[in-house]
Amino acid sequence: MTSTRLLWRIAGLAALLSTLLFVFGFAYAVRDILYPQAAGPGQAEEAAPVDHTKEPDKLQIVAIGDSLTKGLGDTTGEGYVGKVKRGLEKTLDKPVFLWNYGVNGIRTNELLQYVTDPKSEIPQSLRKADIILITIGGNDLFQFSQTQKPGDATQPALNFNNVRKQMPEAQERLGKIFAAVAELNPKASIVYLGLYHPFLDYDPAREGSRLLGQWNAKAYELANRHPNITVVPTYDLFEKQLNQYLYSDHFHPNAEGYERMAQRVLQALQ
Amino acid sequence: MAIRGEKKMTANSTEHVLSVQNLKKKIRSKWIIKGISFDVGPGEVFGFLGPNGAGKTTTIRMLVRLIRPTEGSIKIGGIPMDKHPNEALKQVGCIVENPELYGYLSGWENLEHFARMLPGVGSERIREVVAIVGMEKRIHDKVKTYSLGMRQRLGIAQALLGNPKLLILDEPTNGLDPQGIKEMRQFIRRLAETGLSVFVSSHLLSEIQLMCDRVAIISQGTVIAVGEVEELLRQADDTIVWRVDRPDEAERMLQELGLAPVRLAEEEGTEAEERPEEDLPAPDRPGEGRNAGCALSVPMEEARVPEVNRKLAEAGIGIFSIQKKNPTLEDLFLRLTEGERIG
Amino acid sequence: MGSIYPLVQNETIKMLKKRRFLVVLLILAILIPMFTYAQMKVAQNYRKQFGTQDWRVTTQQQIIDYTNRLGSNRVPEEIKKYIRVEVKRLQYALEKNVDPQSPNGVTFARDFMKNAVGLFVPLLIAVIGSDIVSSEHSTGTIKLLLTRPVSRWKVLLSKLLTLLMFVALILLATGILSYLIAGLVFGYAGWTAPVLTGYQIAGDELSTANVHAVPQWLYLIMEFGLAWFSCAVVACLSLMVSVLVRSTAASMGIMLATLIAGTILSNMVSSWQSAKYFFMVNLETVNFLTGQMPPIPGVTLSFSLAVLAAWAVCGLIVAFVVFERKDILN
């Protein structure tokens, strides 16, 4: 019948043409993978322009920093950043969005790299933020001797000499981070969380407390150079009932500890 | 009907259309076919008779190259199958077992399908074969809507597509109603009259008897008789049917007399498998008008009837009737394959 | 070869009339909208979470997530290797300002095929292929097919060619349907968007030395070309199974089980090295375009293609030898 013949013609032709196309694609792909040619200059320039303008009527939080930003130890998974977001959502009548760039275990040098790296998206994001939350420095100070992992808190080898040696450099980098962030976004409210002493109970001489005091004082000083940076202290939050607010690794806060930190931040923001 | 020209046929008449020599087949170290030979001439309807499992289908499959023979040769129109299978197959149209066609295609599409596999067969020829089997009305319907008889006819149309010299039909009347059987029989005779050779297999003895010129009888993988149907029938002894009241005793006595009685039917036929009801023409049926007892069919000379009758009567066996039967292929077959049937 | 043309015509008509291809199209037409919907949900979720559809933000977020996983002690070293490569790829995309996942009809077609070539499309091929010979057995039509004056190898060759035609048709249909359906949601633009390719993996290092951008349409053809090769191999093997097994259901079952076992295996092969010689774990040659780590370290495109080709050739030899010799007993 003619319909059968027509069907055969269409199917046959379509199959033949697509097979040819696929064979070409196959050959091209194999050649391209096995003998790739480097890009000519400017080949990737035609990318669609990305719209970096801020959208109105929403609040954008950008969080940068170490494991505290990431929320390590919080079994609810929120961290203080998430809790701040939730708190703001409750009080404000607009959507709150959070970009969390926290990376476990980083120190001031790495964070400085992140906020100044032109390849990274973080500077762009910071520019778009309404609120910027920063935690950093804990790893610089408390990863005492490299042999000791922070999680292994049974016998923390408190080597404060090391800390004393490293502190000036770390403080200098903190200043650079503040400067970079404030420059990227002069309009946002920037909050830096001060450090607490997780090993207070192993430190009867309170040697570490003195050092932390120096760090936090320096942070105040550095922050004061930029009108939109606020330092929120956390030292006192963990001073009395340390174990009640710390996670089982004896280093990071637990959910309750993060909650107290978040309350502080919310108060500072309002 | 333009199946084969008259002149061509006479030119070929000295040559066998199908010639099978010492065909053997071993499957899994067992000889299924143990040496079969026969020839089919032009314009002849050749019967291939045997009980189920005798090797009929295996032989037919070897004829059309579905199965490779282990030994022996097949020539079709003088062309050896093993050397030039395609040239040999070009001269054959066949239906192996049931006419299984593509149910999701129409009859016409099925014929187109098989026509594409034959050189030089176009829609002209398709129209011709459709006319031969008389299926013009339903040819564009899907095959799955066809009755068995129509499928059978479409199968034959398909087999005729390539102008074959030889038509191989495996149990062509299987499953047809009496009317269909009659039509098929006439149809096959008509094809043969046009010069086509037809090879028909059957386990239905009456079919072969009514349709075929010559017959080969096969049993357990060997041909036990080949010849013209009439001639074979003449060879068969007369058959006397004894209807008696105590068949077991009678059977034993007849055997003592050196005869080979065959029990035809019992009260509630336990023996029906090889001979379905329609197999036996009405007059032969032993149950017809009987008062009681059982019929024993005994191949024997007519002259011995009085003697046997007396012996049975002396033994106190009641005889309801003694009937002389014209020999049929059935009797012949039973006699030839006696060992298989009784022993 | 003149006589092969009508045979292929026969097989194609049968395949179309049997409605198997229609079933495949139907499956695609049902599944693609589901995937489209899922993709749309993902996009919406990103928006909800980050308040932006800016791919740069989400890509950076992805990098950060990966970086965090790298820092964890619980992540096994093999996965870390994989993550490091992935991070590098994403960073490169940021640097070059090329969205690795811009959503539009073309990208969806691209992504869909990338994910489907490992299992889904081969399954469709198997559905069609495993029945191409065995169905003739189960309907008994094989007896008519093989008593024609046509050599058996020609009959099987016509079935193979038809199968390859339908491989192309299925891929074509997958591409067109996914483009059309996803385009309804994501738009039909994006043919010329640049896509990065040319990544090379040496050990666990990702080399971007030769990375270059190609327009998306060309990338799509390359991807489908590689997918086509994998599918053609599956088709050859389906044909073999179909010749060896008389029942359609059984041959389809064998093919499906093999393919599904392949996806399970590829998750485990990092510890069982010799599994790389199975064809099933080598189907996803498409991944070499995107610079993703192969499932087994050390597997290259040439290796995968060689394994696939070897399987296909062996399968075809078995299929043709058996088909040529076997007695049709039922």
# chains A, B, ... in the order shown; residues from 1 in each chain; ligands from 1
$ residues_around --residues "B:Gly258" --least-positions-apart "2" --cutoff "12 Å" --atoms "only C-alpha atoms" --output "PyMOL selection string"
chain B and resi 251-256+260-261+298-300+304+308
$ atom_distance --atom1 "atom CA of A:Gly77" --atom2 "atom CA of C:Asn45"
17.9 Å
$ select_by_dssp --residues "stretch 32-148 of chain B" --states "strand (DSSP E)" --output "JSON list (two decimals) with all heavy atoms, in the first residue's frame"
[["chain", "number", "residue", "atom", "x", "y", "z"],
["B", 32, "ILE", "N", 17.10, -39.40, 13.87],
["B", 32, "ILE", "CA", 15.67, -39.09, 13.76],
["B", 32, "ILE", "C", 15.15, -39.61, 12.42],
["B", 32, "ILE", "O", 14.07, -40.18, 12.33],
["B", 32, "ILE", "CB", 15.45, -37.57, 13.85],
["B", 32, "ILE", "CG1", 16.06, -37.02, 15.14],
["B", 32, "ILE", "CG2", 13.98, -37.23, 13.75],
["B", 32, "ILE", "CD1", 15.39, -37.42, 16.40],
["B", 33, "ILE", "N", 15.94, -39.39, 11.41],
["B", 33, "ILE", "CA", 15.60, -39.87, 10.06],
["B", 33, "ILE", "C", 16.70, -40.85, 9.66],
["B", 33, "ILE", "O", 17.88, -40.51, 9.67],
["B", 33, "ILE", "CB", 15.56, -38.71, 9.05],
["B", 33, "ILE", "CG1", 14.60, -37.61, 9.53],
["B", 33, "ILE", "CG2", 15.17, -39.20, 7.66],
["B", 33, "ILE", "CD1", 13.16, -38.01, 9.59],
["B", 34, "LYS", "N", 16.27, -42.06, 9.30],
["B", 34, "LYS", "CA", 17.27, -43.11, 9.14],
["B", 34, "LYS", "C", 17.45, -43.52, 7.69],
["B", 34, "LYS", "O", 17.75, -44.67, 7.40],
["B", 34, "LYS", "CB", 16.86, -44.34, 9.96],
["B", 34, "LYS", "CG", 16.72, -44.04, 11.43],
["B", 34, "LYS", "CD", 15.90, -45.13, 12.11],
["B", 34, "LYS", "CE", 15.62, -44.77, 13.54],
["B", 34, "LYS", "NZ", 14.47, -45.53, 14.07],
["B", 35, "GLY", "N", 17.23, -42.61, 6.77],
["B", 35, "GLY", "CA", 17.44, -42.98, 5.38],
["B", 35, "GLY", "C", 16.13, -42.99, 4.63],
["B", 35, "GLY", "O", 15.38, -43.96, 4.68],
["B", 36, "ILE", "N", 15.86, -41.90, 3.92],
["B", 36, "ILE", "CA", 14.60, -41.77, 3.20],
["B", 36, "ILE", "C", 14.91, -41.49, 1.74],
["B", 36, "ILE", "O", 15.78, -40.66, 1.43],
["B", 36, "ILE", "CB", 13.76, -40.62, 3.80],
["B", 36, "ILE", "CG1", 13.14, -41.09, 5.12],
["B", 36, "ILE", "CG2", 12.68, -40.17, 2.83],
["B", 36, "ILE", "CD1", 12.28, -40.07, 5.76],
["B", 37, "SER", "N", 14.25, -42.20, 0.83],
["B", 37, "SER", "CA", 14.42, -41.94, -0.59],
["B", 37, "SER", "C", 13.06, -41.97, -1.26],
["B", 37, "SER", "O", 12.25, -42.85, -0.97],
["B", 37, "SER", "CB", 15.31, -43.01, -1.24],
["B", 37, "SER", "OG", 16.51, -43.15, -0.53],
["B", 38, "PHE", "N", 12.83, -41.03, -2.12],
["B", 38, "PHE", "CA", 11.64, -41.05, -2.98],
["B", 38, "PHE", "C", 11.79, -39.99, -4.05],
["B", 38, "PHE", "O", 12.65, -39.11, -3.95],
["B", 38, "PHE", "CB", 10.34, -40.86, -2.17],
["B", 38, "PHE", "CG", 10.29, -39.58, -1.40],
["B", 38, "PHE", "CD1", 9.89, -38.40, -2.01],
["B", 38, "PHE", "CD2", 10.63, -39.56, -0.05],
["B", 38, "PHE", "CE1", 9.85, -37.22, -1.29],
["B", 38, "PHE", "CE2", 10.59, -38.37, 0.66],
["B", 38, "PHE", "CZ", 10.19, -37.20, 0.05],
["B", 39, "ASP", "N", 10.96, -40.06, -5.07],
["B", 39, "ASP", "CA", 10.98, -39.07, -6.14],
["B", 39, "ASP", "C", 9.58, -38.58, -6.37],
["B", 39, "ASP", "O", 8.62, -39.33, -6.24],
["B", 39, "ASP", "CB", 11.50, -39.69, -7.45],
["B", 39, "ASP", "CG", 12.90, -40.24, -7.28],
["B", 39, "ASP", "OD1", 13.78, -39.45, -6.89],
["B", 39, "ASP", "OD2", 13.11, -41.45, -7.51],
["B", 40, "VAL", "N", 9.47, -37.31, -6.73],
["B", 40, "VAL", "CA", 8.17, -36.75, -7.07],
["B", 40, "VAL", "C", 8.25, -36.27, -8.51],
["B", 40, "VAL", "O", 9.15, -35.51, -8.86],
["B", 40, "VAL", "CB", 7.80, -35.60, -6.12],
["B", 40, "VAL", "CG1", 6.46, -35.00, -6.53],
["B", 40, "VAL", "CG2", 7.76, -36.07, -4.67],
["B", 45, "VAL", "N", 0.48, -35.28, -7.39],
["B", 45, "VAL", "CA", 0.23, -35.01, -5.98],
["B", 45, "VAL", "C", 0.80, -36.18, -5.21],
["B", 45, "VAL", "O", 0.34, -37.31, -5.36],
["B", 45, "VAL", "CB", -1.27, -34.83, -5.68],
["B", 45, "VAL", "CG1", -1.47, -34.54, -4.20],
["B", 45, "VAL", "CG2", -1.84, -33.71, -6.52],
["B", 46, "PHE", "N", 1.81, -35.86, -4.41],
["B", 46, "PHE", "CA", 2.55, -36.91, -3.74],
["B", 46, "PHE", "C", 2.24, -36.86, -2.26],
["B", 46, "PHE", "O", 2.40, -35.83, -1.61],
["B", 46, "PHE", "CB", 4.04, -36.73, -3.98],
["B", 46, "PHE", "CG", 4.89, -37.87, -3.49],
["B", 46, "PHE", "CD1", 5.14, -38.96, -4.32],
["B", 46, "PHE", "CD2", 5.42, -37.87, -2.21],
["B", 46, "PHE", "CE1", 5.92, -40.02, -3.88],
["B", 46, "PHE", "CE2", 6.20, -38.92, -1.77],
["B", 46, "PHE", "CZ", 6.45, -40.00, -2.61],
["B", 47, "GLY", "N", 1.75, -37.96, -1.72],
["B", 47, "GLY", "CA", 1.39, -37.99, -0.30],
["B", 47, "GLY", "C", 2.55, -38.47, 0.54],
["B", 47, "GLY", "O", 3.34, -39.31, 0.12],
["B", 48, "PHE", "N", 2.63, -37.91, 1.73],
["B", 48, "PHE", "CA", 3.68, -38.29, 2.66],
["B", 48, "PHE", "C", 2.98, -38.64, 3.95],
["B", 48, "PHE", "O", 2.51, -37.77, 4.68],
["B", 48, "PHE", "CB", 4.64, -37.11, 2.82],
["B", 48, "PHE", "CG", 5.96, -37.48, 3.43],
["B", 48, "PHE", "CD1", 6.70, -38.54, 2.93],
["B", 48, "PHE", "CD2", 6.47, -36.75, 4.49],
["B", 48, "PHE", "CE1", 7.93, -38.87, 3.48],
["B", 48, "PHE", "CE2", 7.70, -37.07, 5.04],
["B", 48, "PHE", "CZ", 8.43, -38.13, 4.54],
["B", 49, "LEU", "N", 2.88, -39.94, 4.21],
["B", 49, "LEU", "CA", 1.97, -40.41, 5.24],
["B", 49, "LEU", "C", 2.74, -41.02, 6.40],
["B", 49, "LEU", "O", 3.69, -41.77, 6.19],
["B", 49, "LEU", "CB", 1.04, -41.46, 4.62],
["B", 49, "LEU", "CG", 0.04, -42.15, 5.52],
["B", 49, "LEU", "CD1", -0.96, -41.17, 6.05],
["B", 49, "LEU", "CD2", -0.64, -43.27, 4.74],
["B", 71, "GLU", "N", 23.12, -36.62, 6.29],
["B", 71, "GLU", "CA", 23.61, -37.34, 5.11],
["B", 71, "GLU", "C", 22.53, -37.30, 4.05],
["B", 71, "GLU", "O", 21.37, -37.01, 4.34],
["B", 71, "GLU", "CB", 23.88, -38.82, 5.45],
["B", 71, "GLU", "CG", 25.27, -39.11, 5.95],
["B", 71, "GLU", "CD", 25.39, -40.58, 6.34],
["B", 71, "GLU", "OE1", 24.97, -41.43, 5.55],
["B", 71, "GLU", "OE2", 25.88, -40.83, 7.46],
["B", 72, "GLY", "N", 22.91, -37.69, 2.83],
["B", 72, "GLY", "CA", 21.92, -37.82, 1.77],
["B", 72, "GLY", "C", 21.81, -36.58, 0.93],
["B", 72, "GLY", "O", 22.41, -35.54, 1.22],
["B", 73, "SER", "N", 21.06, -36.69, -0.16],
["B", 73, "SER", "CA", 20.96, -35.55, -1.06],
["B", 73, "SER", "C", 19.51, -35.24, -1.38],
["B", 73, "SER", "O", 18.64, -36.11, -1.39],
["B", 73, "SER", "CB", 21.72, -35.85, -2.36],
["B", 73, "SER", "OG", 20.94, -36.70, -3.18],
["B", 74, "ILE", "N", 19.27, -33.97, -1.61],
["B", 74, "ILE", "CA", 17.96, -33.49, -2.04],
["B", 74, "ILE", "C", 18.18, -32.73, -3.34],
["B", 74, "ILE", "O", 19.06, -31.85, -3.41],
["B", 74, "ILE", "CB", 17.35, -32.55, -0.99],
["B", 74, "ILE", "CG1", 17.16, -33.27, 0.34],
["B", 74, "ILE", "CG2", 16.03, -31.97, -1.49],
["B", 74, "ILE", "CD1", 16.86, -32.35, 1.50],
["B", 75, "LYS", "N", 17.42, -33.08, -4.36],
["B", 75, "LYS", "CA", 17.52, -32.31, -5.60],
["B", 75, "LYS", "C", 16.13, -31.80, -5.93],
["B", 75, "LYS", "O", 15.16, -32.55, -5.91],
["B", 75, "LYS", "CB", 18.01, -33.19, -6.75],
["B", 75, "LYS", "CG", 19.50, -33.40, -6.76],
["B", 75, "LYS", "CD", 19.92, -34.16, -7.99],
["B", 75, "LYS", "CE", 21.37, -34.55, -7.91],
["B", 75, "LYS", "NZ", 21.72, -35.56, -8.90],
["B", 76, "ILE", "N", 16.08, -30.52, -6.25],
["B", 76, "ILE", "CA", 14.80, -29.96, -6.65],
["B", 76, "ILE", "C", 14.95, -29.45, -8.07],
["B", 76, "ILE", "O", 15.82, -28.61, -8.35],
["B", 76, "ILE", "CB", 14.36, -28.83, -5.70],
["B", 76, "ILE", "CG1", 14.11, -29.42, -4.32],
["B", 76, "ILE", "CG2", 13.09, -28.17, -6.23],
["B", 76, "ILE", "CD1", 13.78, -28.43, -3.26],
["B", 79, "ILE", "N", 18.40, -29.56, -9.27],
["B", 79, "ILE", "CA", 19.45, -28.74, -8.65],
["B", 79, "ILE", "C", 19.70, -29.24, -7.23],
["B", 79, "ILE", "O", 18.78, -29.34, -6.43],
["B", 79, "ILE", "CB", 19.02, -27.26, -8.61],
["B", 79, "ILE", "CG1", 18.80, -26.76, -10.03],
["B", 79, "ILE", "CG2", 20.06, -26.41, -7.90],
["B", 79, "ILE", "CD1", 18.07, -25.45, -10.11],
["B", 80, "PRO", "N", 20.94, -29.58, -6.93],
["B", 80, "PRO", "CA", 21.22, -30.09, -5.58],
["B", 80, "PRO", "C", 21.08, -29.00, -4.52],
["B", 80, "PRO", "O", 21.62, -27.91, -4.69],
["B", 80, "PRO", "CB", 22.67, -30.58, -5.67],
["B", 80, "PRO", "CG", 23.25, -29.88, -6.84],
["B", 80, "PRO", "CD", 22.13, -29.58, -7.78],
["B", 92, "VAL", "N", 10.59, -23.82, -5.10],
["B", 92, "VAL", "CA", 9.71, -24.42, -4.10],
["B", 92, "VAL", "C", 8.84, -23.36, -3.45],
["B", 92, "VAL", "O", 9.31, -22.27, -3.12],
["B", 92, "VAL", "CB", 10.56, -25.10, -2.98],
["B", 92, "VAL", "CG1", 9.66, -25.78, -1.98],
["B", 92, "VAL", "CG2", 11.53, -26.07, -3.58],
["B", 93, "GLY", "N", 7.58, -23.69, -3.28],
["B", 93, "GLY", "CA", 6.73, -22.90, -2.42],
["B", 93, "GLY", "C", 6.31, -23.81, -1.29],
["B", 93, "GLY", "O", 6.09, -24.99, -1.52],
["B", 94, "CYS", "N", 6.24, -23.29, -0.07],
["B", 94, "CYS", "CA", 5.94, -24.23, 1.00],
["B", 94, "CYS", "C", 5.15, -23.60, 2.13],
["B", 94, "CYS", "O", 5.14, -22.39, 2.32],
["B", 94, "CYS", "CB", 7.22, -24.84, 1.55],
["B", 94, "CYS", "SG", 8.20, -23.65, 2.46],
["B", 95, "ILE", "N", 4.46, -24.46, 2.86],
["B", 95, "ILE", "CA", 3.90, -24.10, 4.15],
["B", 95, "ILE", "C", 4.35, -25.17, 5.11],
["B", 95, "ILE", "O", 4.04, -26.35, 4.90],
["B", 95, "ILE", "CB", 2.36, -24.06, 4.14],
["B", 95, "ILE", "CG1", 1.86, -23.14, 3.04],
["B", 95, "ILE", "CG2", 1.84, -23.63, 5.48],
["B", 95, "ILE", "CD1", 0.36, -23.14, 2.95]]
$ residues_around --residues "C:Pro122" --least-positions-apart "2" --cutoff "9 Å" --atoms "only C-alpha atoms" --output "CSV table (one decimal) with C-alpha atoms, in the first residue's frame"
chain,number,residue,atom,x,y,z
C,116,ALA,CA,20.4,8.4,29.5
C,117,VAL,CA,23.3,6.8,27.5
C,118,GLY,CA,24.4,4.7,30.5
C,119,LEU,CA,21.1,2.9,30.9
C,120,PHE,CA,17.9,4.4,29.6
C,124,LEU,CA,15.1,1.2,24.6
C,125,ILE,CA,17.5,-0.3,22.1
C,126,ALA,CA,17.3,-3.7,23.9
C,127,VAL,CA,13.5,-3.6,23.8
C,230,SER,CA,27.5,2.9,22.4
C,231,CYS,CA,24.0,2.2,21.3
C,234,VAL,CA,24.2,-2.6,22.4
C,235,ALA,CA,22.2,-3.2,19.3
C,256,LEU,CA,17.9,-5.7,30.6
C,259,LEU,CA,22.5,-3.5,31.3
C,283,LEU,CA,28.9,2.8,27.5
$ select_by_dssp --residues "stretch 113-148 of chain C" --states "alpha helix (DSSP H)" --output "list of chain:residue names"
C:Met113, C:Lys114, C:Asn115, C:Ala116, C:Phe120, C:Val121, C:Pro122, C:Leu123, C:Leu124, C:Ile125, C:Ala126, C:Val127, C:Ile128, C:Gly129, C:Ser134, C:Ser135, C:Glu136, C:His137, C:Ser138, C:Thr139, C:Ile142, C:Lys143, C:Leu144, C:Leu145
$ write_last_selection --atoms "N, CA, C and O atoms" --output "tab-separated table (two decimals), in the first residue's frame"
chain	number	residue	atom	x	y	z
C	113	MET	N	20.72	13.27	27.30
C	113	MET	CA	21.45	12.19	26.64
C	113	MET	C	22.64	11.75	27.48
C	113	MET	O	22.92	10.56	27.59
C	114	LYS	N	23.28	12.70	28.12
C	114	LYS	CA	24.44	12.36	28.96
C	114	LYS	C	24.04	11.39	30.06
C	114	LYS	O	24.75	10.43	30.35
C	115	ASN	N	22.88	11.63	30.64
C	115	ASN	CA	22.43	10.75	31.72
C	115	ASN	C	21.78	9.48	31.20
C	115	ASN	O	21.73	8.48	31.90
C	116	ALA	N	21.23	9.57	29.98
C	116	ALA	CA	20.45	8.44	29.48
C	116	ALA	C	21.30	7.38	28.79
C	116	ALA	O	20.88	6.24	28.64
C	120	PHE	N	19.29	4.21	30.10
C	120	PHE	CA	17.94	4.39	29.58
C	120	PHE	C	17.84	4.11	28.08
C	120	PHE	O	17.05	3.26	27.65
C	121	VAL	N	18.67	4.78	27.30
C	121	VAL	CA	18.61	4.57	25.84
C	121	VAL	C	19.00	3.13	25.48
C	121	VAL	O	18.32	2.50	24.67
C	122	PRO	N	20.08	2.59	26.07
C	122	PRO	CA	20.37	1.17	25.79
C	122	PRO	C	19.19	0.25	26.10
C	122	PRO	O	18.95	-0.71	25.38
C	123	LEU	N	18.43	0.57	27.13
C	123	LEU	CA	17.25	-0.26	27.42
C	123	LEU	C	16.26	-0.19	26.26
C	123	LEU	O	15.71	-1.21	25.84
C	124	LEU	N	16.05	1.01	25.75
C	124	LEU	CA	15.12	1.15	24.63
C	124	LEU	C	15.62	0.35	23.43
C	124	LEU	O	14.84	-0.32	22.74
C	125	ILE	N	16.94	0.42	23.19
C	125	ILE	CA	17.52	-0.33	22.07
C	125	ILE	C	17.29	-1.82	22.30
C	125	ILE	O	16.92	-2.57	21.39
C	126	ALA	N	17.49	-2.23	23.55
C	126	ALA	CA	17.34	-3.65	23.86
C	126	ALA	C	15.89	-4.11	23.64
C	126	ALA	O	15.64	-5.21	23.17
C	127	VAL	N	14.96	-3.22	23.98
C	127	VAL	CA	13.54	-3.56	23.79
C	127	VAL	C	13.29	-3.87	22.31
C	127	VAL	O	12.63	-4.85	21.96
C	128	ILE	N	13.85	-3.04	21.44
C	128	ILE	CA	13.64	-3.25	20.01
C	128	ILE	C	14.48	-4.40	19.49
C	128	ILE	O	14.02	-5.24	18.72
C	129	GLY	N	15.74	-4.45	19.95
C	129	GLY	CA	16.69	-5.39	19.35
C	129	GLY	C	16.48	-6.83	19.78
C	129	GLY	O	16.61	-7.74	18.97
C	134	SER	N	14.03	-13.21	17.69
C	134	SER	CA	13.27	-14.15	18.50
C	134	SER	C	11.77	-14.06	18.24
C	134	SER	O	11.05	-15.05	18.35
C	135	SER	N	11.28	-12.88	17.84
C	135	SER	CA	9.84	-12.78	17.57
C	135	SER	C	9.46	-13.62	16.36
C	135	SER	O	8.35	-14.14	16.28
C	136	GLU	N	10.40	-13.75	15.41
C	136	GLU	CA	10.10	-14.59	14.25
C	136	GLU	C	10.00	-16.06	14.68
C	136	GLU	O	9.24	-16.83	14.11
C	137	HIS	N	10.77	-16.39	15.72
C	137	HIS	CA	10.66	-17.74	16.26
C	137	HIS	C	9.32	-17.94	16.95
C	137	HIS	O	8.64	-18.92	16.73
C	138	SER	N	8.98	-16.98	17.81
C	138	SER	CA	7.77	-17.21	18.62
C	138	SER	C	6.51	-17.15	17.78
C	138	SER	O	5.52	-17.78	18.14
C	139	THR	N	6.52	-16.42	16.67
C	139	THR	CA	5.32	-16.44	15.83
C	139	THR	C	5.40	-17.52	14.76
C	139	THR	O	4.42	-17.78	14.07
C	142	ILE	N	9.60	-17.49	11.18
C	142	ILE	CA	10.98	-17.80	10.78
C	142	ILE	C	10.98	-18.89	9.72
C	142	ILE	O	11.83	-18.92	8.85
C	143	LYS	N	9.99	-19.79	9.79
C	143	LYS	CA	9.94	-20.90	8.86
C	143	LYS	C	9.69	-20.42	7.43
C	143	LYS	O	10.17	-21.02	6.47
C	144	LEU	N	8.91	-19.35	7.31
C	144	LEU	CA	8.69	-18.81	5.97
C	144	LEU	C	9.88	-17.97	5.53
C	144	LEU	O	10.30	-18.02	4.38
C	145	LEU	N	10.40	-17.22	6.50
C	145	LEU	CA	11.49	-16.30	6.18
C	145	LEU	C	12.71	-17.05	5.65
C	145	LEU	O	13.37	-16.60	4.71
$ residues_around --residues "stretch 252-268 of chain A" --least-positions-apart "2" --cutoff "6 Å" --atoms "only C-alpha atoms" --output "list in words"
Gly73, Asp74, Gly79, Tyr80, Lys83, Val84, Tyr245, Leu246, Tyr247 and Gln270 of chain A
$ write_last_selection --atoms "N, CA, C and O atoms" --output "mmCIF file, in the first residue's frame"
data_model
loop_
_atom_site.group_PDB
_atom_site.id
_atom_site.type_symbol
_atom_site.label_atom_id
_atom_site.label_comp_id
_atom_site.auth_asym_id
_atom_site.auth_seq_id
_atom_site.Cartn_x
_atom_site.Cartn_y
_atom_site.Cartn_z
ATOM 1 N N GLY A 73 29.102 20.919 63.787
ATOM 2 C CA GLY A 73 28.736 20.658 65.162
ATOM 3 C C GLY A 73 27.261 20.872 65.439
ATOM 4 O O GLY A 73 26.734 20.395 66.427
ATOM 5 N N ASP A 74 26.606 21.584 64.548
ATOM 6 C CA ASP A 74 25.167 21.807 64.723
ATOM 7 C C ASP A 74 24.410 20.642 64.101
ATOM 8 O O ASP A 74 24.406 20.475 62.886
ATOM 9 N N GLY A 79 23.736 25.879 61.622
ATOM 10 C CA GLY A 79 24.844 26.750 62.012
ATOM 11 C C GLY A 79 24.292 28.098 62.436
ATOM 12 O O GLY A 79 23.094 28.362 62.281
ATOM 13 N N TYR A 80 25.157 28.945 62.951
ATOM 14 C CA TYR A 80 24.628 30.255 63.390
ATOM 15 C C TYR A 80 24.119 31.031 62.188
ATOM 16 O O TYR A 80 23.170 31.797 62.292
ATOM 17 N N LYS A 83 20.635 30.103 61.438
ATOM 18 C CA LYS A 83 19.743 30.587 62.493
ATOM 19 C C LYS A 83 19.513 32.093 62.366
ATOM 20 O O LYS A 83 18.412 32.584 62.603
ATOM 21 N N VAL A 84 20.571 32.786 61.943
ATOM 22 C CA VAL A 84 20.413 34.229 61.699
ATOM 23 C C VAL A 84 19.421 34.447 60.564
ATOM 24 O O VAL A 84 18.523 35.297 60.652
ATOM 25 N N TYR A 245 27.525 24.097 75.840
ATOM 26 C CA TYR A 245 27.316 24.711 74.529
ATOM 27 C C TYR A 245 28.296 24.216 73.469
ATOM 28 O O TYR A 245 28.287 24.694 72.348
ATOM 29 N N LEU A 246 29.165 23.304 73.882
ATOM 30 C CA LEU A 246 30.103 22.794 72.887
ATOM 31 C C LEU A 246 29.670 21.423 72.364
ATOM 32 O O LEU A 246 29.062 20.634 73.060
ATOM 33 N N TYR A 247 30.021 21.183 71.127
ATOM 34 C CA TYR A 247 29.775 19.905 70.463
ATOM 35 C C TYR A 247 30.736 18.866 71.031
ATOM 36 O O TYR A 247 31.684 19.203 71.733
ATOM 37 N N GLN A 270 20.027 44.635 64.511
ATOM 38 C CA GLN A 270 18.797 45.419 64.608
ATOM 39 C C GLN A 270 19.007 46.779 65.269
ATOM 40 O O GLN A 270 19.885 46.936 66.097
#
$ interface_residues --of "chain A" --to "chain C" --cutoff "6 Å" --atoms "only C-alpha atoms" --output "ChimeraX atom specification"
/A:15,18-19,22-23,25-26,29,33,36-39,47,97-99,101,103-104,119,121
$ interface_residues --of "chain B" --to "chain A" --cutoff "12 Å" --atoms "only C-alpha atoms" --output "PyMOL selection string"
chain B and resi 105-113+123+139-141
$ residues_around --residues "stretch 134-143 of chain A" --least-positions-apart "3" --cutoff "8 Å" --atoms "only C-alpha atoms" --output "PyMOL selection string"
chain A and resi 63-66+68-69+105-108+111+146+148-150+163+166-167+170+174+190-195
